[in-house]
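Colleague: Got my_file.txt for you, compact mmCIF, C-alpha atoms and all ligand atoms:
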```txt
# COMPACT_ATOMS: atom_id res chain seq x y z
CA MET X 976 -78.29 65.06 -24.34
CA SER X 977 -75.18 63.02 -24.26
CA ALA X 978 -75.57 59.32 -23.63
CA VAL X 979 -72.89 58.46 -21.11
CA ARG X 980 -72.95 54.83 -20.19
CA PRO X 981 -72.00 54.31 -16.53
CA THR X 982 -69.80 51.32 -17.27
CA GLY X 983 -67.25 51.70 -14.48
CA PRO X 984 -68.92 50.28 -11.40
CA LEU X 985 -70.96 47.74 -13.36
CA ASP X 986 -67.87 46.42 -15.09
CA ARG X 987 -66.17 46.23 -11.74
CA VAL X 988 -69.01 44.10 -10.35
CA ALA X 989 -68.75 41.78 -13.34
CA GLY X 990 -64.99 41.65 -12.83
CA ALA X 991 -65.48 40.77 -9.17
CA HIS X 992 -67.84 37.93 -10.06
CA ASP X 993 -65.45 36.61 -12.71
CA ALA X 994 -62.60 36.78 -10.21
CA ALA X 995 -64.63 34.97 -7.56
CA VAL X 996 -65.47 32.12 -9.94
CA LEU X 997 -61.83 31.88 -11.00
CA ALA X 998 -60.79 31.78 -7.33
CA VAL X 999 -63.08 28.79 -6.69
CA ALA X 1000 -61.90 27.08 -9.88
CA ARG X 1001 -58.25 27.68 -8.99
CA ARG X 1002 -58.59 25.21 -6.15
CA GLY X 1003 -58.29 22.56 -8.87
CA GLU X 1004 -61.52 20.54 -8.66
CA PRO X 1005 -64.05 20.82 -11.50
CA VAL X 1006 -66.98 23.02 -10.47
CA ALA X 1007 -70.72 22.94 -11.23
CA ARG X 1008 -73.13 25.87 -11.62
CA ALA X 1009 -75.04 25.09 -8.43
CA GLY X 1010 -71.89 24.94 -6.32
CA LEU X 1011 -70.66 28.23 -7.73
CA ALA X 1012 -74.05 29.86 -7.15
CA ASP X 1013 -73.85 28.78 -3.50
CA ALA X 1014 -70.28 29.98 -3.12
CA LEU X 1015 -70.98 33.41 -4.67
CA GLN X 1016 -74.54 33.83 -3.33
CA VAL X 1017 -75.91 34.60 -6.78
CA THR X 1018 -78.41 32.77 -9.00
CA PRO X 1019 -77.41 29.88 -11.30
CA GLN X 1020 -78.48 32.12 -14.21
CA ALA X 1021 -75.92 34.71 -13.16
CA ILE X 1022 -73.30 31.97 -12.92
CA SER X 1023 -74.13 30.93 -16.50
CA LYS X 1024 -73.40 34.46 -17.70
CA ILE X 1025 -70.12 34.57 -15.77
CA LEU X 1026 -69.06 31.17 -17.11
CA THR X 1027 -69.89 32.23 -20.66
CA ARG X 1028 -67.71 35.32 -20.25
CA LEU X 1029 -64.84 33.29 -18.81
CA MET X 1030 -65.13 30.61 -21.51
CA ASP X 1031 -65.25 33.24 -24.26
CA ARG X 1032 -61.91 34.50 -22.97
CA GLY X 1033 -60.51 30.97 -22.80
CA LEU X 1034 -60.00 31.14 -19.03
CA MET X 1035 -62.38 28.26 -18.28
CA THR X 1036 -63.75 25.32 -20.20
CA GLU X 1037 -66.34 22.57 -19.89
CA SER X 1038 -64.97 19.49 -18.22
CA GLY X 1039 -67.45 16.64 -18.66
CA SER X 1040 -70.69 16.06 -16.79
CA TYR X 1041 -72.26 13.74 -14.26
CA SER X 1042 -75.74 12.40 -13.52
CA SER X 1043 -77.13 12.19 -10.03
CA GLY X 1044 -80.58 10.80 -10.94
CA PRO X 1045 -83.18 11.47 -13.59
CA GLY X 1046 -83.07 14.70 -15.59
CA LYS X 1047 -80.35 16.56 -17.37
CA PRO X 1048 -76.77 15.68 -16.38
CA THR X 1049 -74.82 18.38 -14.56
CA THR X 1050 -72.10 20.07 -16.59
CA LEU X 1051 -68.74 20.58 -14.92
CA TYR X 1052 -66.29 23.39 -15.60
CA ARG X 1053 -62.61 23.85 -14.90
CA ILE X 1054 -59.98 26.52 -15.18
CA VAL X 1055 -57.59 26.41 -18.19
CA PRO X 1056 -54.15 26.80 -16.58
CA GLY X 1057 -52.35 27.24 -19.91
CA SER X 1058 -54.59 30.08 -21.09
CA ARG X 1059 -52.45 32.80 -19.50
CA ARG X 1060 -48.85 33.19 -18.38
CA ALA X 1061 -46.94 35.64 -16.23
CA ILE X 1062 -43.23 36.08 -15.63
CA GLY X 1063 -41.83 36.55 -12.14
CA LEU X 1064 -38.31 37.71 -11.28
CA HIS X 1065 -36.73 37.41 -7.87
CA LEU X 1066 -33.91 39.88 -7.54
CA THR X 1067 -31.31 39.84 -4.79
CA ARG X 1068 -27.94 41.60 -4.47
CA SER X 1069 -26.12 38.69 -6.09
CA ARG X 1070 -28.55 36.77 -8.26
CA LEU X 1071 -31.68 36.73 -10.33
CA HIS X 1072 -34.08 33.80 -10.29
CA GLY X 1073 -36.86 34.00 -12.85
CA VAL X 1074 -39.88 31.83 -13.61
CA VAL X 1075 -42.77 31.77 -16.01
CA ALA X 1076 -45.99 30.57 -14.37
CA ASP X 1077 -49.41 29.56 -15.70
CA LEU X 1078 -52.80 30.95 -14.63
CA THR X 1079 -52.82 28.81 -11.48
CA GLY X 1080 -49.36 29.98 -10.48
CA GLN X 1081 -47.70 26.70 -11.42
CA VAL X 1082 -44.07 27.23 -12.49
CA LEU X 1083 -43.43 26.16 -16.10
CA GLU X 1084 -39.80 27.18 -16.65
CA ARG X 1085 -36.93 28.82 -14.76
CA HIS X 1086 -34.05 31.12 -15.59
CA ASP X 1087 -31.08 32.05 -13.39
CA ALA X 1088 -28.44 34.72 -13.74
CA GLY X 1089 -25.72 36.24 -11.56
CA ILE X 1090 -25.98 39.90 -10.54
CA ASP X 1091 -23.01 42.13 -9.91
CA PRO X 1092 -23.87 43.85 -6.60
CA ASP X 1093 -22.43 47.16 -7.89
CA LEU X 1094 -24.68 47.37 -10.95
CA GLY X 1095 -26.47 50.65 -11.46
CA ALA X 1096 -30.16 50.77 -12.23
CA ALA X 1097 -29.78 50.89 -16.04
CA ALA X 1098 -27.46 47.87 -16.20
CA LEU X 1099 -29.71 46.03 -13.78
CA VAL X 1100 -32.74 46.67 -15.97
CA ASP X 1101 -30.77 45.18 -18.91
CA VAL X 1102 -30.32 41.94 -16.96
CA LEU X 1103 -34.00 41.88 -15.98
CA ALA X 1104 -35.10 42.52 -19.56
CA ARG X 1105 -32.88 39.75 -20.90
CA ALA X 1106 -34.32 37.27 -18.40
CA THR X 1107 -37.86 38.36 -19.25
CA ARG X 1108 -37.31 37.88 -23.00
CA GLU X 1109 -35.80 34.45 -22.41
CA LEU X 1110 -38.76 33.36 -20.25
CA ALA X 1111 -41.31 34.93 -22.61
CA GLY X 1112 -40.33 32.28 -25.16
CA LYS X 1113 -41.39 29.43 -22.83
CA GLY X 1114 -44.86 27.99 -22.45
CA ASP X 1115 -48.12 28.84 -24.19
CA GLY X 1116 -50.94 31.19 -23.38
CA GLU X 1117 -51.26 34.95 -23.41
CA LEU X 1118 -48.39 36.63 -21.56
CA LEU X 1119 -49.83 39.14 -19.09
CA GLY X 1120 -46.66 40.84 -17.92
CA VAL X 1121 -43.73 40.60 -15.57
CA GLY X 1122 -43.53 40.97 -11.80
CA VAL X 1123 -40.34 41.75 -9.91
CA GLY X 1124 -39.86 40.91 -6.24
CA MET X 1125 -36.87 42.52 -4.57
CA PRO X 1126 -35.58 43.26 -1.09
CA GLY X 1127 -37.37 46.29 0.27
CA PRO X 1128 -38.51 48.81 0.88
CA VAL X 1129 -40.20 49.17 -2.47
CA ASP X 1130 -42.99 51.51 -3.50
CA PRO X 1131 -45.23 49.30 -5.64
CA VAL X 1132 -47.14 52.28 -7.04
CA SER X 1133 -44.13 53.97 -8.64
CA GLY X 1134 -42.15 50.74 -8.87
CA THR X 1135 -39.30 52.47 -7.10
CA HIS X 1136 -36.74 50.88 -4.86
CA LEU X 1137 -36.60 53.15 -1.82
CA GLY X 1138 -33.10 52.13 -0.80
CA SER X 1139 -32.32 50.68 2.57
CA THR X 1140 -29.60 50.25 5.09
CA SER X 1141 -28.35 47.16 3.26
CA SER X 1142 -26.02 47.35 0.28
CA THR X 1143 -28.45 47.89 -2.57
CA GLU X 1144 -27.58 51.58 -2.86
CA GLY X 1145 -27.09 51.41 -6.64
CA TRP X 1146 -30.84 51.00 -7.09
CA ARG X 1147 -31.94 53.66 -4.60
CA GLY X 1148 -34.59 55.95 -5.99
CA ALA X 1149 -34.66 54.24 -9.39
CA SER X 1150 -38.05 53.36 -10.82
CA ILE X 1151 -37.20 49.85 -11.90
CA ARG X 1152 -40.77 49.57 -13.12
CA ASP X 1153 -40.64 52.57 -15.47
CA LEU X 1154 -37.24 51.58 -16.85
CA LEU X 1155 -38.34 47.99 -17.45
CA LEU X 1156 -41.67 49.09 -18.90
CA ALA X 1157 -39.85 51.34 -21.41
CA GLU X 1158 -37.50 48.50 -22.30
CA LEU X 1159 -40.11 45.73 -22.64
CA GLY X 1160 -43.38 47.46 -23.48
CA MET X 1161 -45.39 45.02 -21.34
CA PRO X 1162 -47.07 45.50 -17.96
CA VAL X 1163 -44.55 45.50 -15.10
CA LEU X 1164 -45.24 45.26 -11.37
CA VAL X 1165 -42.48 45.76 -8.82
CA ASP X 1166 -42.90 44.95 -5.16
CA HIS X 1167 -41.22 43.92 -1.96
CA ASP X 1168 -40.04 40.29 -1.96
CA SER X 1169 -42.07 39.22 1.06
CA ARG X 1170 -45.30 40.71 -0.33
CA ALA X 1171 -44.69 38.93 -3.63
CA ALA X 1172 -44.13 35.69 -1.72
CA LEU X 1173 -47.40 36.04 0.20
CA VAL X 1174 -49.40 36.86 -2.93
CA GLY X 1175 -47.96 33.72 -4.55
CA GLU X 1176 -48.83 31.51 -1.60
CA SER X 1177 -52.38 32.83 -1.41
CA TRP X 1178 -52.94 32.72 -5.20
CA SER X 1179 -52.37 28.95 -5.18
CA GLN X 1180 -54.52 28.43 -2.07
CA PRO X 1181 -57.49 30.77 -2.56
CA GLY X 1182 -59.17 31.88 0.64
CA LEU X 1183 -56.81 30.00 2.95
CA LEU X 1184 -54.52 32.93 3.70
CA ASP X 1185 -57.01 35.79 3.95
CA ASN X 1186 -55.69 36.60 7.43
CA SER X 1187 -52.06 35.67 7.40
CA VAL X 1188 -48.49 36.82 7.81
CA LEU X 1189 -45.60 35.52 5.79
CA VAL X 1190 -42.21 35.75 7.43
CA LEU X 1191 -39.35 35.67 4.96
CA ALA X 1192 -35.76 34.94 5.96
CA GLU X 1193 -33.48 35.37 2.97
CA GLU X 1194 -30.46 37.68 3.14
CA GLY X 1195 -32.49 39.78 5.53
CA LEU X 1196 -35.65 39.29 7.54
CA GLY X 1197 -39.01 40.66 6.48
CA ALA X 1198 -42.71 39.99 6.64
CA ALA X 1199 -45.87 40.61 4.66
CA LEU X 1200 -49.43 40.86 5.90
CA ARG X 1201 -52.74 39.91 4.34
CA LEU X 1202 -55.63 41.08 6.50
CA ASP X 1203 -59.31 40.49 5.72
CA GLY X 1204 -58.23 39.39 2.26
CA THR X 1205 -56.18 42.47 1.43
CA ILE X 1206 -52.41 42.72 1.14
CA VAL X 1207 -51.30 45.53 3.45
CA HIS X 1208 -48.87 48.15 2.12
CA GLY X 1209 -49.10 50.92 4.71
CA ALA X 1210 -48.69 54.69 4.37
CA HIS X 1211 -45.06 54.45 3.15
CA SER X 1212 -45.20 50.97 1.60
CA ARG X 1213 -43.24 49.71 4.57
CA ALA X 1214 -45.80 47.52 6.33
CA GLY X 1215 -44.18 44.30 7.47
CA GLU X 1216 -40.65 45.59 8.06
CA ALA X 1217 -40.38 43.05 10.83
CA GLY X 1218 -36.60 42.85 10.50
CA HIS X 1219 -36.25 46.10 12.42
CA MET X 1220 -38.62 45.23 15.22
CA VAL X 1221 -36.50 45.36 18.38
CA VAL X 1222 -36.49 41.96 20.05
CA GLN X 1223 -33.51 42.49 22.36
CA MET X 1224 -33.06 45.77 24.25
CA GLY X 1225 -29.37 46.75 24.06
CA GLY X 1226 -28.66 43.84 21.71
CA GLU X 1227 -26.45 43.66 18.62
CA PRO X 1228 -25.93 46.94 16.73
CA CYS X 1229 -28.01 47.09 13.52
CA PRO X 1230 -27.07 49.03 10.35
CA CYS X 1231 -30.29 51.03 10.92
CA GLY X 1232 -28.61 52.67 13.91
CA ARG X 1233 -30.46 50.89 16.68
CA ARG X 1234 -29.66 47.80 18.68
CA GLY X 1235 -31.32 44.45 19.01
CA CYS X 1236 -33.35 44.48 15.77
CA ALA X 1237 -34.76 41.09 14.84
CA GLN X 1238 -32.79 40.88 11.61
CA VAL X 1239 -29.38 41.51 13.13
CA GLU X 1240 -30.12 39.19 16.07
CA TYR X 1241 -31.31 36.47 13.69
CA LEU X 1242 -28.32 36.74 11.33
CA SER X 1243 -25.78 36.88 14.13
CA ALA X 1244 -27.28 33.77 15.75
CA LEU X 1245 -26.91 31.94 12.43
CA GLN X 1246 -23.36 33.23 12.07
CA ASP X 1247 -22.57 31.88 15.54
CA GLY X 1248 -23.84 28.47 14.38
CA ASP X 1249 -26.79 28.66 16.77
CA PRO X 1250 -29.96 27.89 14.75
CA GLY X 1251 -31.85 27.37 18.01
CA ARG X 1252 -31.33 31.00 19.03
CA ALA X 1253 -32.14 32.14 15.48
CA ALA X 1254 -35.39 30.17 15.66
CA GLU X 1255 -36.25 31.88 18.95
CA VAL X 1256 -35.76 35.29 17.35
CA LEU X 1257 -38.16 34.30 14.57
CA ALA X 1258 -40.61 32.93 17.13
CA THR X 1259 -40.59 36.27 18.97
CA VAL X 1260 -41.21 38.14 15.73
CA VAL X 1261 -44.08 35.83 14.79
CA LEU X 1262 -45.72 36.03 18.20
CA ASN X 1263 -45.52 39.84 18.16
CA LEU X 1264 -47.04 39.98 14.68
CA VAL X 1265 -49.83 37.56 15.58
CA ARG X 1266 -50.55 39.60 18.71
CA LEU X 1267 -50.63 42.82 16.73
CA VAL X 1268 -52.79 41.90 13.75
CA ASP X 1269 -54.66 38.70 14.74
CA VAL X 1270 -54.04 36.26 11.90
CA ASP X 1271 -54.86 32.56 11.80
CA ARG X 1272 -52.06 31.44 9.49
CA VAL X 1273 -48.34 32.07 9.52
CA VAL X 1274 -46.30 31.07 6.49
CA LEU X 1275 -42.53 30.74 6.76
CA GLY X 1276 -40.28 30.95 3.75
CA GLY X 1277 -36.82 31.81 2.53
CA ARG X 1278 -33.55 29.97 2.22
CA SER X 1279 -32.42 30.10 5.83
CA VAL X 1280 -35.84 29.00 7.13
CA HIS X 1281 -35.74 25.97 4.85
CA GLU X 1282 -32.25 25.05 6.05
CA HIS X 1283 -33.41 24.90 9.67
CA HIS X 1284 -37.12 24.42 9.22
CA ARG X 1285 -37.65 21.75 11.85
CA ALA X 1286 -36.12 23.76 14.71
CA THR X 1287 -37.80 26.91 13.44
CA MET X 1288 -41.29 25.44 13.18
CA GLU X 1289 -40.96 23.88 16.61
CA ALA X 1290 -39.82 27.12 18.25
CA ILE X 1291 -42.60 29.12 16.64
CA ARG X 1292 -45.34 26.64 17.49
CA GLY X 1293 -44.06 26.55 21.07
CA ALA X 1294 -43.98 30.33 21.34
CA LEU X 1295 -47.51 30.64 19.98
CA GLU X 1296 -48.82 27.98 22.30
CA GLN X 1297 -47.26 29.70 25.32
CA GLY X 1298 -47.92 33.24 24.17
CA LEU X 1299 -51.57 32.95 23.20
CA HIS X 1300 -53.34 32.21 26.45
CA GLU X 1301 -55.11 28.88 26.46
CA GLY X 1302 -58.41 30.37 27.56
CA GLU X 1303 -58.63 32.47 24.41
CA ALA X 1304 -58.64 29.32 22.27
CA LEU X 1305 -56.95 31.15 19.40
CA HIS X 1306 -55.82 28.77 16.74
CA VAL X 1307 -52.90 29.85 14.60
CA GLU X 1308 -51.53 27.43 12.04
CA VAL X 1309 -47.84 27.59 11.17
CA LEU X 1310 -47.05 26.50 7.61
CA LEU X 1311 -43.87 26.14 5.63
CA SER X 1312 -43.95 27.71 2.18
CA THR X 1313 -44.65 25.11 -0.48
CA ARG X 1314 -42.56 26.68 -3.23
CA GLY X 1315 -38.99 26.39 -1.97
CA ALA X 1316 -36.51 28.38 -4.07
CA ASP X 1317 -39.28 29.59 -6.42
CA LEU X 1318 -41.16 31.33 -3.60
CA ILE X 1319 -40.49 34.96 -4.53
CA ALA X 1320 -40.18 34.59 -8.31
CA ALA X 1321 -43.44 32.61 -8.48
CA GLY X 1322 -45.01 35.13 -6.12
CA ALA X 1323 -43.99 38.02 -8.38
CA ALA X 1324 -45.61 36.21 -11.32
CA CYS X 1325 -48.75 35.68 -9.20
CA GLN X 1326 -48.85 39.41 -8.46
CA VAL X 1327 -49.34 39.97 -12.19
CA LEU X 1328 -52.05 37.28 -12.26
CA GLU X 1329 -53.73 38.75 -9.20
CA HIS X 1330 -53.58 42.24 -10.64
CA GLU X 1331 -55.44 40.99 -13.71
CA TYR X 1332 -57.77 38.36 -12.26
CA GLY X 1333 -57.76 38.80 -8.47
CA LEU X 1334 -60.68 39.91 -6.34
CA PRO X 1335 -60.96 43.73 -6.31
CA THR X 1336 -60.05 44.00 -2.61
CA THR X 1337 -56.62 42.66 -3.48
CA LEU X 1338 -56.10 44.86 -6.53
CA VAL X 1339 -53.56 47.15 -4.98
CA GLY X 1340 -51.45 47.88 -8.00
CA PRO X 1341 -50.31 50.84 -10.04
CA ASP X 1342 -53.85 51.58 -11.24
CA SER X 1343 -55.43 51.84 -7.82
CA ARG X 1344 -54.53 55.47 -7.10
ZN ZN X 1401 -32.50 47.71 12.60
```
In structure tokens, what does this structure look like?

Modeller:
Amino acid sequence: MSAVRPTGPLDRVAGAHDAAVLAVARRGEPVARAGLADALQVTPQAISKILTRLMDRGLMTESGSYSSGPGKPTTLYRIVPGSRRAIGLHLTRSRLHGVVADLTGQVLERHDAGIDPDLGAAALVDVLARATRELAGKGDGELLGVGVGMPGPVDPVSGTHLGSTSSTEGWRGASIRDLLLAELGMPVLVDHDSRAALVGESWSQPGLLDNSVLVLAEEGLGAALRLDGTIVHGAHSRAGEAGHMVVQMGGEPCPCGRRGCAQVEYLSALQDGDPGRAAEVLATVVLNLVRLVDVDRVVLGGRSVHEHHRATMEAIRGALEQGLHEGEALHVEVLLSTRGADLIAAGAACQVLEHEYGLPTTLVGPDSR
């Protein structure tokens, strides 16, 4: 008889427990066994085993103790931010912004480079590889890999840019992930910029954004969804393409062939020097998304949001207040991304961290199919 050890599911349970403890510890405060046992609904003995595993791998460490009466003092534990690193690259048509981040998603170093919009996939991968090697030399801790966030649509499973109606045609159909993997020989994740941004925001604020949308206004307009704790990709990896939601029947012509898409209405309002109208377009998009998927947090990010954030926040809060009937008492918080220009690069780095140490429900990466 062959002795096959059924390690798969058991290992996955252990991984889930480790991830859950790391998620609590990522909030920053030192944690005690009893508190963790409460949070995870497991025994303190089980917590001891989990902590031993995490400490053996250098991910957590003891962090002093305190006494709250007679008996043994309570030992405290904390995460070791410098134990792991991940690189994140934010790619647009004209530039590359890269960061290396620690285990908590904190940015340690940055790297910027210009991108020729006409670059083909191979030349582009050269630029990405150079940035990765440069950043790999910064900071301590085991380097887990590199994440790339780029304008979509992107298939995160194959790491392929699916092309779009904007001018990124040189990359269409290229598996940036496979090319970069061959060049670097380290794990590579490639995803849509807005999904990367949302993963980054939720990595640094565990549990807060389990039901959230992130609306990103960079060169285009997009969104990402996290529902019941899971980042949503959709059947064609196109979930969250909010930029082509029609907000104005018979409105401005959009490169996608229709009229009145949110993205073209938003950009043309900004071009006309009318940030108020642009904010209203965003508010309509946000209200529609909230109506559709029922989230309790909306995060706004991207360069053009930051430029006009006051007007934008006001318009969105107003639209939500009016749009969600008072009687329903739905509370939706509108937040501005905390990461500024690092939003997508840091998010791409956090996708690598989440892939390695995130809760299993959020492990939607290349290995999940
Ligand atoms: Zn369109």

Colleague: Of the candidates X:Leu1034, X:Leu1078, X:Leu1311, X:Leu1015, which one gets nearest to Leu1118 in chain X if we count only C-alpha atoms?

Modeller: X:Leu1078

Colleague: Counting only C-alpha atoms, which of X:Pro1162, X:Gly1204, X:Pro1230, X:Gly1315 gets nearest to Gly1122 in chain X?

Modeller: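 Answer, going by the shortest atom-to-atom distance: X:Pro1162.
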
Colleague: For Thr1107 in chain X, which residue out of X:Gly1197, X:Gly1160, X:Gly1134, X:Gly1298 is the nearest one, using only C-alpha atoms?

Modeller: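 Once distances to Thr1107 in chain X are computed over only C-alpha atoms, the minimum belongs to X:Gly1160.
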
Colleague: So how far away is CA of Gly1276 in chain X from CA of His1072 in chain X, in Å?

Modeller: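 Between CA of His1072 in chain X and CA of Gly1276 in chain X the gap works out to 15.6 Å.
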
Colleague: Using only C-alpha atoms and all ligand atoms, which protein or nucleic acid residues are at most 10 Å from ligand ZN 1401 (chain X), as a ChimeraX atom specification?

Modeller: /X:1140,1216-1221,1227-1240

Colleague: Please provide the set of residues having any atom within 8 Å of range 1021-1031 of chain X, restricted to all atoms listed in the file, with same-chain residues fewer than 2 positions apart removed, written as a VMD selection string.

Modeller: chain X and resid 989 992 to 993 996 1008 1011 to 1012 1017 to 1019 1033 to 1036

Colleague: Adding 4 Å on each side of the box along x, y and z that holds all listed atoms of range 1066-1085 of chain X, could you give its centre and edge lengths in Å to one decimal, as lines of an AutoDock Vina configuration file?

Modeller:
```
center_x = -39.5
center_y = 33.9
center_z = -10.6
size_x = 34.7
size_y = 23.4
size_z = 20.2
```

Colleague: Let me make sure I understand: among X:Lys1047, X:Leu1137, X:Leu1173, X:Leu1099, which one has the smallest atom-to-atom distance to Arg1070 in chain X if we use only C-alpha atoms?

Modeller: X:Leu1099

Colleague: List the neighbours of Ala998 in chain X out to 8 Å using only C-alpha atoms; skip same-chain residues closer than 4 positions along the sequence, and give me the result as a list of chain:residue names.

Modeller: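 Returned residues: X:Ala994, X:Arg1002, X:Pro1181, X:Gly1333.
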
Colleague: Can you tell me, as an MDAnalysis selection string, what residues are no more than 9 Å from Lys1113 in chain X when counting all atoms listed in the file, ignoring any on the same chain fewer than 5 positions away?

Modeller: chainID X and resid 1075 1083:1084
